[in-house]
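**Q** Got a structure for you, written out below as structure tokens; questions coming shortly.
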4 protein chains.
Amino acid sequence: MPGNTFGKIFRMTTWGESHGKGVGAVIDGCPPGLELTEEDIQFMLDKRRPGKSAASTGRKEPDMAKIMSGTFEGKTTGTPIMIMVKNKDARSDDYQKYSDIFRPGHGDITYHAKYGIRDWRGGGRASARETVGRVAAGAVAGKLLKVQNTVVTAYTIELGGIRAKERNLGIIGQNMFYCPDSHAAKKMEGRVIAVKKDGDSIGGIVEIMASGVPKGLGEPVFNKLDADLAAALMSIGAVKGVEIGSGFKAAGLKGSENNDSISEEGFDTNNAGGILAGISNGDRIIIRVAVKPIPSIRVEQNTIDTSGNKQTISVKGRHDVSAIPRINVVCEAMVNLVLTDHLLRQRAINLFDGMRIP
Amino acid sequence: MPGNTFGKIFRMTTWGESHGKGVGAVIDGCPPGLELTEEDIQFMLDKRRPGKSAASTGRKEPDMAKIMSGTFEGKTTGTPIMIMVKNKDARSDDYQKYSDIFRPGHGDITYHAKYGIRDWRGGGRASARETVGRVAAGAVAGKLLKVQNTVVTAYTIELGGIRAKERNLGIIGQNMFYCPDSHAAKKMEGRVIAVKKDGDSIGGIVEIMASGVPKGLGEPVFNKLDADLAAALMSIGAVKGVEIGSGFKAAGLKGSENNDSISEEGFDTNNAGGILAGISNGDRIIIRVAVKPIPSIRVEQNTIDTSGNKQTISVKGRHDVSAIPRINVVCEAMVNLVLTDHLLRQRAINLFDGMRIP
Amino acid sequence: MPGNTFGKIFRMTTWGESHGKGVGAVIDGCPPGLELTEEDIQFMLDKRRPGKSAASTGRKEPDMAKIMSGTFEGKTTGTPIMIMVKNKDARSDDYQKYSDIFRPGHGDITYHAKYGIRDWRGGGRASARETVGRVAAGAVAGKLLKVQNTVVTAYTIELGGIRAKERNLGIIGQNMFYCPDSHAAKKMEGRVIAVKKDGDSIGGIVEIMASGVPKGLGEPVFNKLDADLAAALMSIGAVKGVEIGSGFKAAGLKGSENNDSISEEGFDTNNAGGILAGISNGDRIIIRVAVKPIPSIRVEQNTIDTSGNKQTISVKGRHDVSAIPRINVVCEAMVNLVLTDHLLRQRAINLFDGMRIP
Amino acid sequence: MPGNTFGKIFRMTTWGESHGKGVGAVIDGCPPGLELTEEDIQFMLDKRRPGKSAASTGRKEPDMAKIMSGTFEGKTTGTPIMIMVKNKDARSDDYQKYSDIFRPGHGDITYHAKYGIRDWRGGGRASARETVGRVAAGAVAGKLLKVQNTVVTAYTIELGGIRAKERNLGIIGQNMFYCPDSHAAKKMEGRVIAVKKDGDSIGGIVEIMASGVPKGLGEPVFNKLDADLAAALMSIGAVKGVEIGSGFKAAGLKGSENNDSISEEGFDTNNAGGILAGISNGDRIIIRVAVKPIPSIRVEQNTIDTSGNKQTISVKGRHDVSAIPRINVVCEAMVNLVLTDHLLRQRAINLFDGMRIP
């Protein structure tokens, strides 16, 4: 069964390759009557646009979103919403030299093994450009969540080994890394410039916080909210780890330390990260993802070609030094999608509270 | 959409509560012609049986697996395989006192919020006993994987803060924690005994290794192999974090350090953990999960009752000190299920290699 | 992808073979708080019990339903409901002689081709006994529909060429064929007795009516209500045709005859059968299914054995003369399941009508 | 759960409205390495183009198919194939007058009830134009089937009460109705012209034959091949009935008449229509669908407006007199999609025949 659809009730199917004719998403299951314009989507797409931070590629992608179906007079109609972004500024020739060689850390070798054929231009389907469709769909989900006062924010808490010590979310728009610690943000900038000069790349950690999440979302036992969030985030190219609440730190704690005691006002701590037994508990949902360094580097590496012969490779071209900060809005989009889907799923079964159809 | 089914082509639906009439699973999509007996399943179930290590509850669960359908003369027929384990030795009265109070760290409060009704006996559906169905189904998946020489092994690399320094997998059957470091295992035992005396609990880290995984498994972009593995493992009650290969460590590395260079013999390192761009690369798959400390502790904690009034609670009864090592076989089962499902998924699309139907 | 699960939000997975240890179903997605007892299920199961009409086999199946999970203190909890019926009175030896021969009109030859192995005892999974799980799940769905005042009724309008001229639904409980025409019912009985004597079998037509269905159910374009109903009913063993409203008759009508004109009170006619563009229109839903004659007959037929050699066969044993009337309750169950599923699906997306979570 | 995706392994998601920016489909799960060009798709689209027969609207739709993703150097890559057809020649103003009135026999009233908002231009999503996406995806499926020598053909056997007495498939391309009886075709033409003059419309029956279908396709018990075919065909707008093989005629037959006896060469008759117990038996698959008359007619009808007030309506504009013959290629497409999906599904589980990955 193919893997390009995400969600059960609020569903997104993405399509498109880096250097093909375009990329996009079909959203199915969006409730009717939601106000939606191309500007809503453009606003989110602009956040993932390259060329905005020192860490990002110089490639210019105007990325103009077109809503091709599913709205009428500015509102969703309940039918599929197709959003398309045409590709421009693709320098496929730059990639010709990688058509028969496997770039280390990339999917070249596994796409080759799986499909026997691959579109090597710009990474094809494995390119980060595929996330355009995710962000577009996430923008729609975000609008729905706002109706419920649910807001999802992603911010950088580590980059190239530099950790944010503060969580001042009010300032994340004021630096290019969406970092909640202005001091750390400054040091991150220096690190990025140095690494860029070396032709190398760096990784980091993004934290995502969802506030205003209603209690009761998540479907035990296999679609627990944390399970679906983990899948959503791990499906992003550069992500190698996901943790909820105290996460890996919990492994070293005692039960008396890790349990969140409860008072009349709610939970006294939030080691659970807002999720208990796979169901949202009304507290903030806190997730962290480990982002690996971008594999495309100028530093020379050993590899093989498609015939199995030894080669060396130095990947030139316009590449980000880090997936951060462009990945942040993708994380927001994926969490938006999971929460929206579970919101609708919960509505379906919540039958005996006096609500009736129609 | 409900959440009790896992997998797409090789699918498992689990049912049952801790103190109900039984627990079990229906496996749908198992290829016909596989030799399968109740002993195959019992062997795996015995590995999760309590009362086998110092860390586990004294509760005796014979857990006799019955295959109710789907086999004929010792072989699978391609029809649904229902495996049932009847419940015994349930002391529901022990739980009566928790019927109207929320145990911290447990799903009591979220099940109450989500469903408005909950079976409080032994944790009901949120009990670890639900994993009996997973392990039974994982045993069937494991038999299929063996046909492909794929083997999954889970072992404890951290417990109560004590870390294994070695990865001597040959000895994991020789200590009660499935720990690949006999020295660490000894210290873990001491830690468990001490914590038990205090009426507290501890967490740890389990590593899972899959060897013999064919190249090409995983369905970009949302059912990447790592995404599905993350969901599978995060769906286990006590798990709060999942990482693949270098995982969170990758966040601090440079591209030149984290990329696995390639030679004629294969990958020179395995920071990828056997998965590139969501597709298995033929190398060993390496995953680590963070296991939180068991929330049921004798140590007194603050909480509220179902009427919202402040209460204190000390959870007595037969509880494990740690979900480790009983969780290990559950991890194996879930990874077995993901790999089997993706193996069959890949077969479906692999059309142009000369294979034909029938 | 395997085929033993039905429904999206209200889902049923059936398991079991005719002469195995039992048959049953797991229902996932049932809203919590519904009153449900074993008697509710038994009541429906008794309607499909053999030995109640002249047309049915003499086999005695007590078919005692056990709810193994998913309820607590007489109410559903939102967790999977497993319902099991143990098999009794199975005379597998009767079937030994059919273990290596293909009975005409049966699935013997196709199960053999598909799976390479088959449980030949009593037809195995292809037996009508598999419908026990459907009826049990349909009983649960029926209880939910009653909350919405939706009622589904199946009745026989043709049997062995004898057609009911009346639709007096008040009397369908008064004859053994659930026929709304007492005069026709009498003639049907005579026909059945005559055919039985010949060792032959007969088919017929069942009509299903759903009243009280809310407007707005059905998901264009592939899960239109009529599309899902057609699949549900065509999945029943003996069904070879399904039509909605005017059905095949519509092929011969003009638009001006077939269109249902609309007045302030509603539709003036019901050629649509209660469904327009795949969505319920508030009128009664009317469906008819063609039921083929039971393929197990004493009349001698030509066939081949598993080695491909020519054989003749006369199928003896306890077989119904017609799938009618036992199939009627199965039709009701399947329609119950479709309507319940779509009721919950519609709730999920019906977001902007002032309803909020929780 | 929304309804715009069809299939499990070979999946199609359609999008678009009649007078929106375009219509199309995303195909996910197409095996890699299949040769595919825009001409392959255009060829099928041209068959559903209006203005080709006396029965069809004069609207000119060039319907130029663009493959936006999923192919590389003329072959499929295993990634999603997005096919788009831009809308042209839309006279939305013609529909302004129907914006607040419900056309009898149309989905206007049910879309209004379900979604509370509808795109009334040209019928919006409920327009037959939605089938462009189906036909495009069906063209891809058809290319795959050809690899297995499976061919699907739809032809008209009844129109406006005139029945084809012959099944001369060799001539269906020689008349505008795809009718296998040239004499009947001639009479159909006369009927169409007469009905057109009256401003009325007519229905008919389409038969679909699939030859070269391998044995073993279909997934008991809910995704039997006939169940999935019934859903696929009933999901087409004008279809009100589906029957397989002897279909409704079987209701009047005896078992000894309806059973297909078996000889060394295969089945002696084909009342089963190529499917036994939901699994293909290697014989030709025969299906018939009842097509209702087009509801848009000039003849004046009673109806109400969106405020519930009585109105009369005469639907003018460019409308077909019958959905036949344009619906025929849509039927072919849907059957292509079902067979392809089941072909891939069967591959997945067919494990113990010596095939291995890779």
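The way I read the labels, and the way they are meant: chains A, B, ... in the order of the structure tokens, residue 1 as the first residue of every chain, and ligand 1 as the first ligand shown, with later ones counted on from there.
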Kindly provide, as a count of residues only, the residues of chain B having any atom no farther than 7 Å from an atom of chain C, counting only C-alpha atoms.
**A** 27
**Q** So that I can check the secondary structure, give me every residue of region 124-290 of chain D assigned strand (DSSP E or B) by backbone DSSP, as a PyMOL selection string.
**A** chain D and resi 151-159+162-163+202+204-211+219+221+223+239-244+254+262-263+266-267+275-276+279-280+285-290
**Q** Fewer than 4 positions away in the same chain doesn't count, so skip those; otherwise give me all residues within 12 Å of Asn223 (chain A), counting only C-alpha atoms, as a VMD selection string.
**A** (chain A and resid 7 to 8 217 to 219 227 to 232 277 to 279 338 to 339 341 to 342 345 to 346) or (chain B and resid 1 to 7 228 230 to 237)
**Q** As a PDB file with N, CA and C atoms, in the first residue's frame, please: the residues near Glu166 (chain B) (cut-off 12 Å, only C-alpha atoms, same-chain neighbours under 5 positions excluded).
**A**
```pdb
ATOM      1  N   TYR B 155      16.973  -5.511  23.408  1.00  0.00           N
ATOM      2  CA  TYR B 155      17.797  -5.716  24.602  1.00  0.00           C
ATOM      3  C   TYR B 155      17.895  -4.407  25.364  1.00  0.00           C
ATOM      4  N   THR B 156      18.171  -4.531  26.653  1.00  0.00           N
ATOM      5  CA  THR B 156      18.156  -3.385  27.548  1.00  0.00           C
ATOM      6  C   THR B 156      19.532  -2.732  27.583  1.00  0.00           C
ATOM      7  N   ILE B 157      19.613  -1.456  27.261  1.00  0.00           N
ATOM      8  CA  ILE B 157      20.918  -0.797  27.310  1.00  0.00           C
ATOM      9  C   ILE B 157      20.991   0.244  28.431  1.00  0.00           C
ATOM     10  N   GLU B 158      19.870   0.474  29.085  1.00  0.00           N
ATOM     11  CA  GLU B 158      19.896   1.352  30.261  1.00  0.00           C
ATOM     12  C   GLU B 158      18.720   1.013  31.156  1.00  0.00           C
ATOM     13  N   ILE B 171      24.826 -12.863  25.085  1.00  0.00           N
ATOM     14  CA  ILE B 171      24.548 -13.165  26.495  1.00  0.00           C
ATOM     15  C   ILE B 171      23.198 -12.624  26.985  1.00  0.00           C
ATOM     16  N   ILE B 172      22.426 -12.026  26.103  1.00  0.00           N
ATOM     17  CA  ILE B 172      21.223 -11.368  26.626  1.00  0.00           C
ATOM     18  C   ILE B 172      20.224 -12.349  27.224  1.00  0.00           C
ATOM     19  N   CYS B 179      20.073  -7.911  29.003  1.00  0.00           N
ATOM     20  CA  CYS B 179      21.094  -6.869  28.907  1.00  0.00           C
ATOM     21  C   CYS B 179      22.356  -7.451  28.264  1.00  0.00           C
ATOM     22  N   PRO B 180      22.916  -6.761  27.262  1.00  0.00           N
ATOM     23  CA  PRO B 180      24.091  -7.293  26.553  1.00  0.00           C
ATOM     24  C   PRO B 180      25.411  -6.997  27.281  1.00  0.00           C
ATOM     25  N   ASP B 181      25.332  -6.655  28.577  1.00  0.00           N
ATOM     26  CA  ASP B 181      26.525  -6.334  29.365  1.00  0.00           C
ATOM     27  C   ASP B 181      26.297  -6.952  30.742  1.00  0.00           C
ATOM     28  N   SER B 182      26.973  -8.066  31.015  1.00  0.00           N
ATOM     29  CA  SER B 182      26.684  -8.830  32.238  1.00  0.00           C
ATOM     30  C   SER B 182      27.006  -8.025  33.490  1.00  0.00           C
ATOM     31  N   HIS B 183      28.027  -7.187  33.396  1.00  0.00           N
ATOM     32  CA  HIS B 183      28.404  -6.353  34.531  1.00  0.00           C
ATOM     33  C   HIS B 183      27.274  -5.363  34.854  1.00  0.00           C
ATOM     34  N   ALA B 184      26.781  -4.701  33.807  1.00  0.00           N
ATOM     35  CA  ALA B 184      25.685  -3.752  34.001  1.00  0.00           C
ATOM     36  C   ALA B 184      24.439  -4.463  34.507  1.00  0.00           C
ATOM     37  N   ALA B 185      24.195  -5.659  33.975  1.00  0.00           N
ATOM     38  CA  ALA B 185      23.007  -6.417  34.381  1.00  0.00           C
ATOM     39  C   ALA B 185      23.004  -6.641  35.888  1.00  0.00           C
TER      40      ALA B 185
END
```
**Q** Could you give me, as a list in words, the residues within 10 Å of Asn149 (chain A), counting only C-alpha atoms and dropping anything in the same chain fewer than 6 positions from it?
**A** Gly142, Lys143, Ser211, Gly212, Val213 and Pro214 of chain A
**Q** In Å, with one decimal, what is the gap from CA of Ser322 (chain D) to CA of Ala250 (chain D)?
**A**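 For CA of Ser322 (chain D) relative to CA of Ala250 (chain D), the distance reads 28.3 Å.
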**Q** How would you write, as a PyMOL selection string, the set of residues in region 40-265 of chain B that DSSP gives as helix (DSSP H, G or I)?
**A** chain B and resi 40-47+93-96+108-115+121-126+128-147+169-174+182-198+225-234+247-252+255-258
**Q** What does the file look like for those residues with C-alpha atoms, as a PDB file, in the first residue's frame?
**A**
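Done, and the output landed in again-v9.pdb:
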```
ATOM      1  CA  ASP B  40       5.011 -20.758  18.247  1.00  0.00           C
ATOM      2  CA  ILE B  41       2.857 -18.161  19.934  1.00  0.00           C
ATOM      3  CA  GLN B  42       3.235 -19.500  23.439  1.00  0.00           C
ATOM      4  CA  PHE B  43       7.006 -19.252  23.143  1.00  0.00           C
ATOM      5  CA  MET B  44       6.799 -15.490  22.625  1.00  0.00           C
ATOM      6  CA  LEU B  45       4.066 -14.980  25.204  1.00  0.00           C
ATOM      7  CA  ASP B  46       6.189 -16.695  27.825  1.00  0.00           C
ATOM      8  CA  LYS B  47       8.859 -14.045  27.287  1.00  0.00           C
ATOM      9  CA  ASP B  93     -11.364  -5.984  44.111  1.00  0.00           C
ATOM     10  CA  ASP B  94      -7.868  -4.587  44.575  1.00  0.00           C
ATOM     11  CA  TYR B  95      -8.864  -1.903  42.098  1.00  0.00           C
ATOM     12  CA  GLN B  96     -12.257  -0.972  43.530  1.00  0.00           C
ATOM     13  CA  ASP B 108      -7.417   7.094  34.208  1.00  0.00           C
ATOM     14  CA  ILE B 109      -7.997  10.811  33.756  1.00  0.00           C
ATOM     15  CA  THR B 110      -7.755  10.832  29.969  1.00  0.00           C
ATOM     16  CA  TYR B 111      -9.948   7.761  29.408  1.00  0.00           C
ATOM     17  CA  HIS B 112     -12.478   9.450  31.676  1.00  0.00           C
ATOM     18  CA  ALA B 113     -12.275  12.645  29.597  1.00  0.00           C
ATOM     19  CA  LYS B 114     -12.427  10.875  26.255  1.00  0.00           C
ATOM     20  CA  TYR B 115     -15.047   8.214  26.802  1.00  0.00           C
ATOM     21  CA  ARG B 121     -10.496  -2.876  36.823  1.00  0.00           C
ATOM     22  CA  GLY B 122      -6.763  -3.359  36.441  1.00  0.00           C
ATOM     23  CA  GLY B 123      -6.454  -0.389  34.115  1.00  0.00           C
ATOM     24  CA  GLY B 124      -8.944  -1.854  31.651  1.00  0.00           C
ATOM     25  CA  ARG B 125      -7.879  -1.409  28.071  1.00  0.00           C
ATOM     26  CA  ALA B 126      -4.951   0.848  29.085  1.00  0.00           C
ATOM     27  CA  ALA B 128      -0.069  -3.505  29.710  1.00  0.00           C
ATOM     28  CA  ARG B 129      -2.050  -6.723  29.441  1.00  0.00           C
ATOM     29  CA  GLU B 130      -3.340  -5.424  26.112  1.00  0.00           C
ATOM     30  CA  THR B 131       0.111  -6.208  24.714  1.00  0.00           C
ATOM     31  CA  VAL B 132      -0.635  -9.950  24.895  1.00  0.00           C
ATOM     32  CA  GLY B 133      -2.435  -9.594  21.569  1.00  0.00           C
ATOM     33  CA  ARG B 134       0.496  -7.701  20.076  1.00  0.00           C
ATOM     34  CA  VAL B 135       2.996 -10.330  21.140  1.00  0.00           C
ATOM     35  CA  ALA B 136       0.829 -13.127  19.779  1.00  0.00           C
ATOM     36  CA  ALA B 137       0.528 -11.391  16.413  1.00  0.00           C
ATOM     37  CA  GLY B 138       4.204 -10.479  16.489  1.00  0.00           C
ATOM     38  CA  ALA B 139       5.025 -14.156  16.878  1.00  0.00           C
ATOM     39  CA  VAL B 140       3.229 -14.924  13.624  1.00  0.00           C
ATOM     40  CA  ALA B 141       5.019 -12.050  11.890  1.00  0.00           C
ATOM     41  CA  GLY B 142       8.307 -13.305  13.282  1.00  0.00           C
ATOM     42  CA  LYS B 143       7.748 -16.704  11.703  1.00  0.00           C
ATOM     43  CA  LEU B 144       7.206 -15.062   8.330  1.00  0.00           C
ATOM     44  CA  LEU B 145      10.329 -12.937   8.692  1.00  0.00           C
ATOM     45  CA  LYS B 146      12.385 -16.002   9.435  1.00  0.00           C
ATOM     46  CA  VAL B 147      11.570 -17.235   5.926  1.00  0.00           C
ATOM     47  CA  LEU B 169      24.107  -9.926  22.198  1.00  0.00           C
ATOM     48  CA  GLY B 170      25.157 -13.515  22.776  1.00  0.00           C
ATOM     49  CA  ILE B 171      24.548 -13.165  26.495  1.00  0.00           C
ATOM     50  CA  ILE B 172      21.223 -11.368  26.626  1.00  0.00           C
ATOM     51  CA  GLY B 173      19.408 -14.614  27.423  1.00  0.00           C
ATOM     52  CA  GLN B 174      21.639 -15.158  30.422  1.00  0.00           C
ATOM     53  CA  SER B 182      26.684  -8.830  32.238  1.00  0.00           C
ATOM     54  CA  HIS B 183      28.404  -6.353  34.531  1.00  0.00           C
ATOM     55  CA  ALA B 184      25.685  -3.752  34.001  1.00  0.00           C
ATOM     56  CA  ALA B 185      23.007  -6.417  34.381  1.00  0.00           C
ATOM     57  CA  LYS B 186      24.290  -7.194  37.842  1.00  0.00           C
ATOM     58  CA  LYS B 187      24.141  -3.546  38.871  1.00  0.00           C
ATOM     59  CA  MET B 188      20.655  -3.225  37.391  1.00  0.00           C
ATOM     60  CA  GLU B 189      19.476  -6.040  39.629  1.00  0.00           C
ATOM     61  CA  GLY B 190      20.743  -4.216  42.697  1.00  0.00           C
ATOM     62  CA  ARG B 191      19.048  -1.016  41.580  1.00  0.00           C
ATOM     63  CA  VAL B 192      15.735  -2.772  41.053  1.00  0.00           C
ATOM     64  CA  ILE B 193      15.784  -4.341  44.509  1.00  0.00           C
ATOM     65  CA  ALA B 194      16.556  -0.997  46.151  1.00  0.00           C
ATOM     66  CA  VAL B 195      13.831   0.865  44.267  1.00  0.00           C
ATOM     67  CA  LYS B 196      11.308  -1.854  45.019  1.00  0.00           C
ATOM     68  CA  LYS B 197      11.998  -1.449  48.709  1.00  0.00           C
ATOM     69  CA  ASP B 198      11.284   2.267  48.378  1.00  0.00           C
ATOM     70  CA  LEU B 225      10.000   2.677   7.408  1.00  0.00           C
ATOM     71  CA  ASP B 226      11.256   4.842  10.255  1.00  0.00           C
ATOM     72  CA  ALA B 227       7.928   6.672  10.509  1.00  0.00           C
ATOM     73  CA  ASP B 228       6.004   3.425  10.820  1.00  0.00           C
ATOM     74  CA  LEU B 229       8.525   2.038  13.296  1.00  0.00           C
ATOM     75  CA  ALA B 230       8.266   5.191  15.391  1.00  0.00           C
ATOM     76  CA  ALA B 231       4.477   4.937  15.510  1.00  0.00           C
ATOM     77  CA  ALA B 232       4.612   1.228  16.306  1.00  0.00           C
ATOM     78  CA  LEU B 233       6.957   1.706  19.237  1.00  0.00           C
ATOM     79  CA  MET B 234       5.442   4.945  20.537  1.00  0.00           C
ATOM     80  CA  GLY B 247      19.195   9.587  16.654  1.00  0.00           C
ATOM     81  CA  PHE B 248      19.399  12.587  18.988  1.00  0.00           C
ATOM     82  CA  LYS B 249      23.189  12.409  18.798  1.00  0.00           C
ATOM     83  CA  ALA B 250      22.909  13.335  15.102  1.00  0.00           C
ATOM     84  CA  ALA B 251      21.656  16.765  16.153  1.00  0.00           C
ATOM     85  CA  GLY B 252      25.174  17.575  17.379  1.00  0.00           C
ATOM     86  CA  GLY B 255      27.316  16.215   7.898  1.00  0.00           C
ATOM     87  CA  SER B 256      30.813  14.923   7.327  1.00  0.00           C
ATOM     88  CA  GLU B 257      30.565  13.026  10.602  1.00  0.00           C
ATOM     89  CA  ASN B 258      27.013  11.738  10.317  1.00  0.00           C
TER      90      ASN B 258
END
```
